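Trainee: Below you'll find data34.pdb; it's PDB, C-alpha atoms and all ligand atoms.
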ATOM      1  CA  MET A 686     -55.496 103.643  30.666
ATOM      2  CA  THR A 687     -53.078 100.846  29.793
ATOM      3  CA  ARG A 688     -53.222  97.976  32.244
ATOM      4  CA  PHE A 689     -50.238  97.661  34.589
ATOM      5  CA  THR A 690     -49.668  94.057  33.468
ATOM      6  CA  GLU A 691     -49.787  95.074  29.799
ATOM      7  CA  THR A 692     -47.139  97.751  30.416
ATOM      8  CA  LEU A 693     -44.955  95.228  32.230
ATOM      9  CA  ARG A 694     -45.203  92.716  29.417
ATOM     10  CA  ALA A 695     -44.486  95.400  26.793
ATOM     11  CA  GLU A 696     -41.354  96.458  28.724
ATOM     12  CA  ASN A 697     -40.100  92.864  28.502
ATOM     13  CA  GLN A 698     -41.319  92.042  25.004
ATOM     14  CA  GLN A 699     -38.060  90.612  23.698
ATOM     15  CA  ASP A 700     -37.549  87.991  26.420
ATOM     16  CA  TRP A 701     -41.289  87.321  26.619
ATOM     17  CA  THR A 702     -41.586  86.556  22.903
ATOM     18  CA  ALA A 703     -38.383  84.501  22.871
ATOM     19  CA  ALA A 704     -39.795  82.302  25.655
ATOM     20  CA  ARG A 705     -43.318  82.075  24.211
ATOM     21  CA  ASP A 706     -42.038  81.093  20.751
ATOM     22  CA  HIS A 707     -39.239  78.872  22.042
ATOM     23  CA  ARG A 708     -38.071  75.713  20.317
ATOM     24  CA  PHE A 709     -39.328  73.780  23.370
ATOM     25  CA  VAL A 710     -42.879  75.025  22.721
ATOM     26  CA  ASP A 711     -42.768  74.058  19.079
ATOM     27  CA  GLU A 712     -41.395  70.609  19.952
ATOM     28  CA  ILE A 713     -43.812  69.876  22.783
ATOM     29  CA  PHE A 714     -46.833  70.534  20.542
ATOM     30  CA  ARG A 715     -45.336  68.136  17.990
ATOM     31  CA  GLY A 716     -44.576  65.592  20.726
ATOM     32  CA  ALA A 717     -40.971  65.912  19.639
ATOM     33  CA  VAL A 718     -39.046  67.102  22.704
ATOM     34  CA  PRO A 719     -36.106  64.646  22.897
ATOM     35  CA  ALA A 720     -36.401  62.410  25.984
ATOM     36  CA  ASP A 721     -33.114  63.659  27.501
ATOM     37  CA  VAL A 722     -34.272  67.289  27.109
ATOM     38  CA  MET A 723     -37.696  66.563  28.633
ATOM     39  CA  ARG A 724     -36.017  64.711  31.518
ATOM     40  CA  ARG A 725     -33.661  67.645  32.185
ATOM     41  CA  TYR A 726     -36.538  70.105  31.946
ATOM     42  CA  LEU A 727     -38.824  68.262  34.370
ATOM     43  CA  VAL A 728     -36.068  67.442  36.859
ATOM     44  CA  GLN A 729     -35.114  71.130  37.073
ATOM     45  CA  ASP A 730     -38.733  72.282  37.003
ATOM     46  CA  TYR A 731     -39.567  70.105  39.996
ATOM     47  CA  GLN A 732     -37.033  72.148  41.963
ATOM     48  CA  PHE A 733     -38.638  75.331  40.618
ATOM     49  CA  ILE A 734     -42.074  74.126  41.779
ATOM     50  CA  ASP A 735     -40.877  73.574  45.327
ATOM     51  CA  ARG A 736     -39.998  77.281  45.807
ATOM     52  CA  PHE A 737     -42.994  78.307  43.716
ATOM     53  CA  VAL A 738     -45.389  76.692  46.187
ATOM     54  CA  ALA A 739     -43.535  78.445  49.024
ATOM     55  CA  LEU A 740     -44.037  81.762  47.194
ATOM     56  CA  VAL A 741     -47.749  81.042  46.807
ATOM     57  CA  GLY A 742     -47.741  80.589  50.586
ATOM     58  CA  MET A 743     -46.225  84.058  50.953
ATOM     59  CA  ALA A 744     -48.862  85.497  48.611
ATOM     60  CA  ILE A 745     -51.508  83.959  50.875
ATOM     61  CA  ALA A 746     -49.837  85.569  53.876
ATOM     62  CA  THR A 747     -49.388  89.043  52.355
ATOM     63  CA  ALA A 748     -52.647  89.374  50.348
ATOM     64  CA  ASP A 749     -54.851  92.279  51.378
ATOM     65  CA  ARG A 750     -58.133  90.342  50.987
ATOM     66  CA  PHE A 751     -59.557  87.051  52.201
ATOM     67  CA  ASP A 752     -60.921  86.348  48.676
ATOM     68  CA  SER A 753     -57.374  86.503  47.321
ATOM     69  CA  ARG A 754     -56.099  84.111  49.984
ATOM     70  CA  ILE A 755     -58.847  81.640  49.030
ATOM     71  CA  ARG A 756     -57.922  81.878  45.351
ATOM     72  CA  PHE A 757     -54.251  81.181  46.057
ATOM     73  CA  ALA A 758     -55.048  78.386  48.496
ATOM     74  CA  GLN A 759     -57.163  76.658  45.827
ATOM     75  CA  PHE A 760     -54.388  77.100  43.300
ATOM     76  CA  ALA A 761     -51.820  75.654  45.730
ATOM     77  CA  ALA A 762     -54.091  72.626  46.146
ATOM     78  CA  MET A 763     -54.062  72.053  42.370
ATOM     79  CA  ILE A 764     -50.267  72.287  42.056
ATOM     80  CA  THR A 765     -49.666  69.971  44.985
ATOM     81  CA  SER A 766     -52.158  67.380  43.669
ATOM     82  CA  ASP A 767     -52.765  67.223  39.874
ATOM     83  CA  GLU A 768     -49.469  68.838  38.895
ATOM     84  CA  ASN A 769     -47.431  66.892  41.431
ATOM     85  CA  THR A 770     -48.812  63.537  40.307
ATOM     86  CA  TYR A 771     -48.057  64.521  36.697
ATOM     87  CA  PHE A 772     -44.387  64.941  37.690
ATOM     88  CA  GLU A 773     -44.361  61.567  39.451
ATOM     89  CA  ARG A 774     -45.913  59.766  36.460
ATOM     90  CA  ALA A 775     -43.656  61.576  33.993
ATOM     91  CA  PHE A 776     -40.568  60.712  36.069
ATOM     92  CA  ASP A 777     -41.650  57.058  36.049
ATOM     93  CA  ALA A 778     -42.178  57.147  32.266
ATOM     94  CA  LEU A 779     -38.821  58.840  31.666
ATOM     95  CA  GLY A 780     -36.920  56.582  34.082
ATOM     96  CA  VAL A 781     -35.815  59.344  36.457
ATOM     97  CA  ALA A 782     -34.119  57.828  39.521
ATOM     98  CA  PRO A 783     -35.331  58.796  43.030
ATOM     99  CA  ALA A 784     -32.156  60.791  43.800
ATOM    100  CA  GLU A 785     -32.577  62.838  40.600
ATOM    101  CA  ARG A 786     -36.164  63.628  41.557
ATOM    102  CA  ALA A 787     -35.313  64.739  45.063
ATOM    103  CA  HIS A 788     -31.728  66.089  44.935
ATOM    104  CA  PRO A 789     -30.551  66.872  41.398
ATOM    105  CA  VAL A 790     -27.626  69.160  40.654
ATOM    106  CA  ILE A 791     -29.330  72.546  40.455
ATOM    107  CA  SER A 792     -28.686  74.424  37.199
ATOM    108  CA  ALA A 793     -27.934  78.169  37.088
ATOM    109  CA  PRO A 794     -31.401  79.237  35.806
ATOM    110  CA  THR A 795     -33.121  77.065  38.426
ATOM    111  CA  LEU A 796     -30.943  78.587  41.123
ATOM    112  CA  GLY A 797     -31.730  82.014  39.676
ATOM    113  CA  PHE A 798     -35.442  81.276  39.976
ATOM    114  CA  GLN A 799     -35.088  79.920  43.499
ATOM    115  CA  THR A 800     -33.221  83.082  44.521
ATOM    116  CA  LEU A 801     -35.794  85.295  42.797
ATOM    117  CA  MET A 802     -38.692  83.549  44.526
ATOM    118  CA  ARG A 803     -36.936  83.706  47.887
ATOM    119  CA  ASP A 804     -36.241  87.433  47.338
ATOM    120  CA  ALA A 805     -39.887  88.059  46.441
ATOM    121  CA  ALA A 806     -41.070  86.155  49.513
ATOM    122  CA  ASP A 807     -38.548  87.935  51.751
ATOM    123  CA  SER A 808     -39.761  91.319  50.474
ATOM    124  CA  GLY A 809     -43.027  90.655  52.299
ATOM    125  CA  ASP A 810     -44.629  92.743  49.560
ATOM    126  CA  TYR A 811     -47.761  91.309  47.945
ATOM    127  CA  ALA A 812     -47.158  93.127  44.624
ATOM    128  CA  CYS A 813     -43.643  91.654  44.339
ATOM    129  CA  CYS A 814     -44.909  88.129  45.068
ATOM    130  CA  LEU A 815     -47.697  88.661  42.539
ATOM    131  CA  ALA A 816     -45.280  89.928  39.865
ATOM    132  CA  VAL A 817     -43.265  86.693  39.916
ATOM    133  CA  LEU A 818     -46.331  84.421  40.101
ATOM    134  CA  THR A 819     -48.019  86.299  37.256
ATOM    135  CA  VAL A 820     -45.050  85.931  34.904
ATOM    136  CA  ALA A 821     -44.762  82.214  35.627
ATOM    137  CA  GLU A 822     -48.421  81.477  34.914
ATOM    138  CA  TRP A 823     -49.267  84.069  32.263
ATOM    139  CA  LEU A 824     -46.260  83.230  30.100
ATOM    140  CA  TYR A 825     -47.135  79.532  30.299
ATOM    141  CA  LEU A 826     -50.757  80.197  29.339
ATOM    142  CA  ASP A 827     -49.505  82.373  26.484
ATOM    143  CA  TRP A 828     -47.460  79.560  24.927
ATOM    144  CA  ALA A 829     -49.849  76.725  25.769
ATOM    145  CA  ASP A 830     -53.049  78.382  24.559
ATOM    146  CA  ARG A 831     -53.320  77.299  20.930
ATOM    147  CA  PRO A 832     -57.014  76.824  20.173
ATOM    148  CA  GLY A 833     -57.623  73.908  17.848
ATOM    149  CA  ALA A 834     -54.113  72.485  18.155
ATOM    150  CA  VAL A 835     -53.995  68.690  18.127
ATOM    151  CA  LEU A 836     -52.430  67.259  21.271
ATOM    152  CA  PRO A 837     -49.437  64.937  21.018
ATOM    153  CA  GLU A 838     -50.003  61.286  21.926
ATOM    154  CA  ASP A 839     -47.485  60.911  24.721
ATOM    155  CA  PHE A 840     -49.024  62.072  28.010
ATOM    156  CA  VAL A 841     -45.646  63.517  29.125
ATOM    157  CA  HIS A 842     -46.041  66.111  26.382
ATOM    158  CA  ALA A 843     -49.839  66.354  26.185
ATOM    159  CA  GLU A 844     -50.512  66.760  29.873
ATOM    160  CA  TRP A 845     -47.859  69.430  30.319
ATOM    161  CA  ILE A 846     -49.782  71.424  27.715
ATOM    162  CA  THR A 847     -53.241  70.790  29.177
ATOM    163  CA  LEU A 848     -52.079  71.651  32.701
ATOM    164  CA  HIS A 849     -51.374  75.115  31.287
ATOM    165  CA  ASN A 850     -54.275  75.740  28.923
ATOM    166  CA  ASN A 851     -57.368  74.375  30.674
ATOM    167  CA  GLU A 852     -60.321  76.608  31.563
ATOM    168  CA  GLY A 853     -59.508  76.732  35.272
ATOM    169  CA  PHE A 854     -55.930  77.751  34.548
ATOM    170  CA  ARG A 855     -57.042  80.423  32.074
ATOM    171  CA  ALA A 856     -59.445  81.859  34.662
ATOM    172  CA  PHE A 857     -56.704  81.844  37.288
ATOM    173  CA  VAL A 858     -54.275  83.710  34.996
ATOM    174  CA  ASN A 859     -56.952  86.290  34.173
ATOM    175  CA  TRP A 860     -57.565  86.755  37.878
ATOM    176  CA  LEU A 861     -53.800  87.014  38.590
ATOM    177  CA  ARG A 862     -53.492  89.787  36.017
ATOM    178  CA  GLU A 863     -56.471  91.668  37.440
ATOM    179  CA  GLU A 864     -55.001  91.271  40.902
ATOM    180  CA  LEU A 865     -51.597  92.647  39.865
ATOM    181  CA  ASP A 866     -53.321  95.479  37.970
ATOM    182  CA  ARG A 867     -55.361  96.333  41.059
ATOM    183  CA  VAL A 868     -52.476  96.162  43.524
ATOM    184  CA  GLY A 869     -50.006  97.857  41.147
ATOM    185  CA  GLU A 870     -52.348 100.737  40.422
ATOM    186  CA  ALA A 871     -52.961 101.336  44.130
ATOM    187  CA  ALA A 872     -49.250 101.152  45.031
ATOM    188  CA  ASP A 873     -46.841 104.083  45.278
ATOM    189  CA  GLU A 874     -44.144 104.574  42.656
ATOM    190  CA  LYS A 875     -41.412 102.881  44.719
ATOM    191  CA  SER A 876     -43.471  99.698  45.198
ATOM    192  CA  ARG A 877     -44.473  99.684  41.533
ATOM    193  CA  GLN A 878     -40.806  99.921  40.546
ATOM    194  CA  ALA A 879     -39.946  97.057  42.883
ATOM    195  CA  ALA A 880     -42.686  94.878  41.380
ATOM    196  CA  SER A 881     -41.506  95.813  37.859
ATOM    197  CA  ALA A 882     -37.972  94.713  38.710
ATOM    198  CA  PHE A 883     -39.252  91.317  39.908
ATOM    199  CA  PHE A 884     -41.338  90.983  36.759
ATOM    200  CA  ARG A 885     -38.288  91.724  34.578
ATOM    201  CA  ARG A 886     -36.051  89.197  36.361
ATOM    202  CA  ALA A 887     -38.757  86.546  36.066
ATOM    203  CA  VAL A 888     -39.258  86.991  32.307
ATOM    204  CA  ALA A 889     -35.497  86.839  31.649
ATOM    205  CA  LEU A 890     -35.274  83.653  33.718
ATOM    206  CA  GLU A 891     -38.178  82.000  31.872
ATOM    207  CA  ARG A 892     -36.260  82.468  28.640
ATOM    208  CA  ALA A 893     -32.982  81.249  30.160
ATOM    209  CA  PHE A 894     -34.755  78.237  31.650
ATOM    210  CA  PHE A 895     -35.985  77.058  28.237
ATOM    211  CA  ASP A 896     -32.608  77.826  26.630
ATOM    212  CA  HIS A 897     -30.540  75.889  29.134
ATOM    213  CA  ILE A 898     -32.311  72.559  28.778
ATOM    214  CA  TYR A 899     -30.937  72.352  25.220
ATOM    215  CA  ALA A 900     -27.369  73.229  26.178
ATOM    216  CA  GLY A 901     -25.190  70.255  25.334
ATOM    217  CA  SER A 902     -27.801  68.366  23.283
TER
HETATM  218  C1  LIG B1001     -39.882  77.642  34.937
HETATM  219  C2  LIG B1001     -41.368  77.546  35.017
HETATM  220  N1  LIG B1001     -42.118  78.655  34.807
HETATM  221  C3  LIG B1001     -43.485  78.531  34.887
HETATM  222  C4  LIG B1001     -44.116  77.371  35.152
HETATM  223  C5  LIG B1001     -45.588  77.293  35.166
HETATM  224  N2  LIG B1001     -46.165  76.797  36.289
HETATM  225  C6  LIG B1001     -43.304  76.275  35.363
HETATM  226  N3  LIG B1001     -43.792  75.045  35.645
HETATM  227  N4  LIG B1001     -41.903  76.352  35.271
END
Kindly return the structure encoded in the file as structure tokens.
Ligand SMILES: Cc1ncc(CN)c(N)n1

Mentor:
Amino acid sequence: MTRFTETLRAENQQDWTAARDHRFVDEIFRGAVPADVMRRYLVQDYQFIDRFVALVGMAIATADRFDSRIRFAQFAAMITSDENTYFERAFDALGVAPAERAHPVISAPTLGFQTLMRDAADSGDYACCLAVLTVAEWLYLDWADRPGAVLPEDFVHAEWITLHNNEGFRAFVNWLREELDRVGEAADEKSRQAASAFFRRAVALERAFFDHIYAGS
């Protein structure tokens, strides 16, 4: 039987591939993302992360097993420590002012993501929360996982890659997929459709998010 997560990805192949093979991915591996593009990306992504952590909180609340809550709690600890300090150091290196870090003008794709994550949390449905979290982490592992690739010198580029291709992250994405497979397969058709719709919106937004940081450069 085809895995639920494999079916979901196949249904969204066009947007998935466009995001995975995006110009941003090519440039970050070459250490060649222009500074203004990287600044725009990280400023908007910091606003994404805020709602993302809130959605992880909802996954902890709605999960059907204690083991799953532990897994998400450990993941939340990583994002709010290692990943958060990366943002702070990268903002320092890129000269991002305090107001831009805390209260930037929110772009349309970022707002779209914030709305999507709020909708998923408000659904109170574990499968819907999982669908959005799985896209965000699986798609990032998919682009960042290039065995043997040489890392760029600048930590702003290199560490954004290694945050998304290290062993712990790979294990977490594998677990996320198994979790969504398990919950999706046990769910009724209506819940599966709802989770699929969240998955679809998330993949389209990942593509739009990469696209929009180049608009105007
Ligand atoms: C938009 C987006 N999507 C996914 C990730 C991976 N955590 C992220 N940082 N930003």

Trainee: Given 4 Å on each side, where is the centre and what are the edge lengths in Å to one decimal of the axis-aligned box enclosing the listed atoms of segment 896-900 of chain A, as JSON?

Mentor:
{"center_x": -30.0, "center_y": 75.1, "center_z": 27.2, "size_x": 13.2, "size_y": 13.5, "size_z": 11.9}

Trainee: Per residue of chain A within 7 Å of ligand LIG 1001 (chain B), note the shortest atom pair and the distance in Å to one decimal, counting all atoms listed in the file, and order the rows by chain and increasing residue number, as JSON lines.

Mentor:
{"residue": "A:Asp730", "atom": "CA", "partner": "B:LIG1001", "partner_atom": "N4", "distance": 5.4}
{"residue": "A:Phe733", "atom": "CA", "partner": "B:LIG1001", "partner_atom": "C1", "distance": 6.3}
{"residue": "A:Ile734", "atom": "CA", "partner": "B:LIG1001", "partner_atom": "N3", "distance": 6.4}
{"residue": "A:Ala821", "atom": "CA", "partner": "B:LIG1001", "partner_atom": "C3", "distance": 4.0}
{"residue": "A:Glu822", "atom": "CA", "partner": "B:LIG1001", "partner_atom": "C5", "distance": 5.1}
{"residue": "A:Tyr825", "atom": "CA", "partner": "B:LIG1001", "partner_atom": "C5", "distance": 5.6}
{"residue": "A:Glu891", "atom": "CA", "partner": "B:LIG1001", "partner_atom": "C1", "distance": 5.6}
{"residue": "A:Phe894", "atom": "CA", "partner": "B:LIG1001", "partner_atom": "C1", "distance": 6.1}

Trainee: List the spatial neighbours of Pro789 of chain A as a list of chain:residue names - criterion: any atom at most 9 Å away, all atoms listed in the file, same-chain residues fewer than 5 positions off excluded.

Mentor: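 Once the adjacent positions are removed, what remains is A:Val728, A:Gln729, A:Gln732, A:Ala784.
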
Trainee: Between A:Ala805, A:Ala879, A:Ile764, A:Ile846, which has the minimum distance to Arg715 of chain A (counting only C-alpha atoms)?

Mentor: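 Closest to Arg715 of chain A, using only C-alpha atoms: A:Ile846.
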
Trainee: Residue by residue, what does the PyMOL selection byres (((chain A and resi 884) around 8) and not hetatm) grab here? Present the result as a PyMOL selection string.

Mentor: chain A and resi 693+813+816-817+820+880-883+885-888

Trainee: Could you model N, CA and C atoms for segment 850-886 of chain A and present them as a short mmCIF file (atom, residue, chain, number, x, y, z; two decimals), keeping the file's coordinate frame?

Mentor:
data_model
loop_
_atom_site.label_atom_id
_atom_site.label_comp_id
_atom_site.auth_asym_id
_atom_site.auth_seq_id
_atom_site.Cartn_x
_atom_site.Cartn_y
_atom_site.Cartn_z
N ASN A 850 -53.32 75.05 29.82
CA ASN A 850 -54.28 75.74 28.92
C ASN A 850 -55.73 75.37 29.22
N ASN A 851 -55.98 74.74 30.38
CA ASN A 851 -57.37 74.38 30.67
C ASN A 851 -58.14 75.61 31.18
N GLU A 852 -59.45 75.47 31.21
CA GLU A 852 -60.32 76.61 31.56
C GLU A 852 -60.01 77.19 32.95
N GLY A 853 -59.80 76.28 33.91
CA GLY A 853 -59.51 76.73 35.27
C GLY A 853 -58.22 77.53 35.32
N PHE A 854 -57.22 77.06 34.56
CA PHE A 854 -55.93 77.75 34.55
C PHE A 854 -56.07 79.12 33.88
N ARG A 855 -56.83 79.15 32.78
CA ARG A 855 -57.04 80.42 32.07
C ARG A 855 -57.73 81.44 33.00
N ALA A 856 -58.73 80.96 33.74
CA ALA A 856 -59.44 81.86 34.66
C ALA A 856 -58.50 82.34 35.77
N PHE A 857 -57.63 81.44 36.24
CA PHE A 857 -56.70 81.84 37.29
C PHE A 857 -55.72 82.90 36.78
N VAL A 858 -55.22 82.73 35.55
CA VAL A 858 -54.28 83.71 35.00
C VAL A 858 -54.98 85.06 34.80
N ASN A 859 -56.21 85.03 34.33
CA ASN A 859 -56.95 86.29 34.17
C ASN A 859 -57.11 86.98 35.52
N TRP A 860 -57.42 86.18 36.53
CA TRP A 860 -57.56 86.76 37.88
C TRP A 860 -56.22 87.31 38.38
N LEU A 861 -55.13 86.55 38.15
CA LEU A 861 -53.80 87.01 38.59
C LEU A 861 -53.48 88.38 37.98
N ARG A 862 -53.77 88.52 36.70
CA ARG A 862 -53.49 89.79 36.02
C ARG A 862 -54.34 90.91 36.62
N GLU A 863 -55.60 90.63 36.84
CA GLU A 863 -56.47 91.67 37.44
C GLU A 863 -55.97 92.04 38.84
N GLU A 864 -55.49 91.04 39.54
CA GLU A 864 -55.00 91.27 40.90
C GLU A 864 -53.74 92.15 40.87
N LEU A 865 -52.82 91.84 39.96
CA LEU A 865 -51.60 92.65 39.86
C LEU A 865 -51.92 94.06 39.34
N ASP A 866 -52.87 94.15 38.42
CA ASP A 866 -53.32 95.48 37.97
C ASP A 866 -53.85 96.28 39.16
N ARG A 867 -54.71 95.65 39.92
CA ARG A 867 -55.36 96.33 41.06
C ARG A 867 -54.32 96.79 42.10
N VAL A 868 -53.45 95.85 42.48
CA VAL A 868 -52.48 96.16 43.52
C VAL A 868 -51.43 97.16 43.00
N GLY A 869 -51.02 96.97 41.74
CA GLY A 869 -50.01 97.86 41.15
C GLY A 869 -50.52 99.28 41.01
N GLU A 870 -51.79 99.40 40.62
CA GLU A 870 -52.35 100.74 40.42
C GLU A 870 -52.54 101.46 41.75
N ALA A 871 -52.77 100.70 42.81
CA ALA A 871 -52.96 101.34 44.13
C ALA A 871 -51.62 101.64 44.82
N ALA A 872 -50.54 101.03 44.33
CA ALA A 872 -49.25 101.15 45.03
C ALA A 872 -48.57 102.49 44.73
N ASP A 873 -47.62 102.87 45.59
CA ASP A 873 -46.84 104.08 45.28
C ASP A 873 -45.75 103.73 44.26
N GLU A 874 -45.09 104.77 43.75
CA GLU A 874 -44.14 104.57 42.66
C GLU A 874 -43.00 103.62 43.04
N LYS A 875 -42.54 103.73 44.27
CA LYS A 875 -41.41 102.88 44.72
C LYS A 875 -41.82 101.40 44.71
N SER A 876 -43.00 101.09 45.19
CA SER A 876 -43.47 99.70 45.20
C SER A 876 -43.71 99.19 43.79
N ARG A 877 -44.24 100.10 42.93
CA ARG A 877 -44.47 99.68 41.53
C ARG A 877 -43.15 99.35 40.85
N GLN A 878 -42.14 100.18 41.14
CA GLN A 878 -40.81 99.92 40.55
C GLN A 878 -40.25 98.60 41.04
N ALA A 879 -40.45 98.32 42.32
CA ALA A 879 -39.95 97.06 42.88
C ALA A 879 -40.64 95.87 42.21
N ALA A 880 -41.95 95.96 42.04
CA ALA A 880 -42.69 94.88 41.38
C ALA A 880 -42.23 94.73 39.93
N SER A 881 -41.98 95.86 39.26
CA SER A 881 -41.51 95.81 37.86
C SER A 881 -40.17 95.10 37.76
N ALA A 882 -39.30 95.35 38.73
CA ALA A 882 -37.97 94.71 38.71
C ALA A 882 -38.11 93.20 38.89
N PHE A 883 -39.02 92.77 39.75
CA PHE A 883 -39.25 91.32 39.91
C PHE A 883 -39.83 90.72 38.63
N PHE A 884 -40.73 91.45 38.01
CA PHE A 884 -41.34 90.98 36.76
C PHE A 884 -40.24 90.79 35.70
N ARG A 885 -39.36 91.77 35.60
CA ARG A 885 -38.29 91.72 34.58
C ARG A 885 -37.37 90.53 34.80
N ARG A 886 -36.94 90.33 36.06
CA ARG A 886 -36.05 89.20 36.36
C ARG A 886 -36.74 87.88 36.02
#
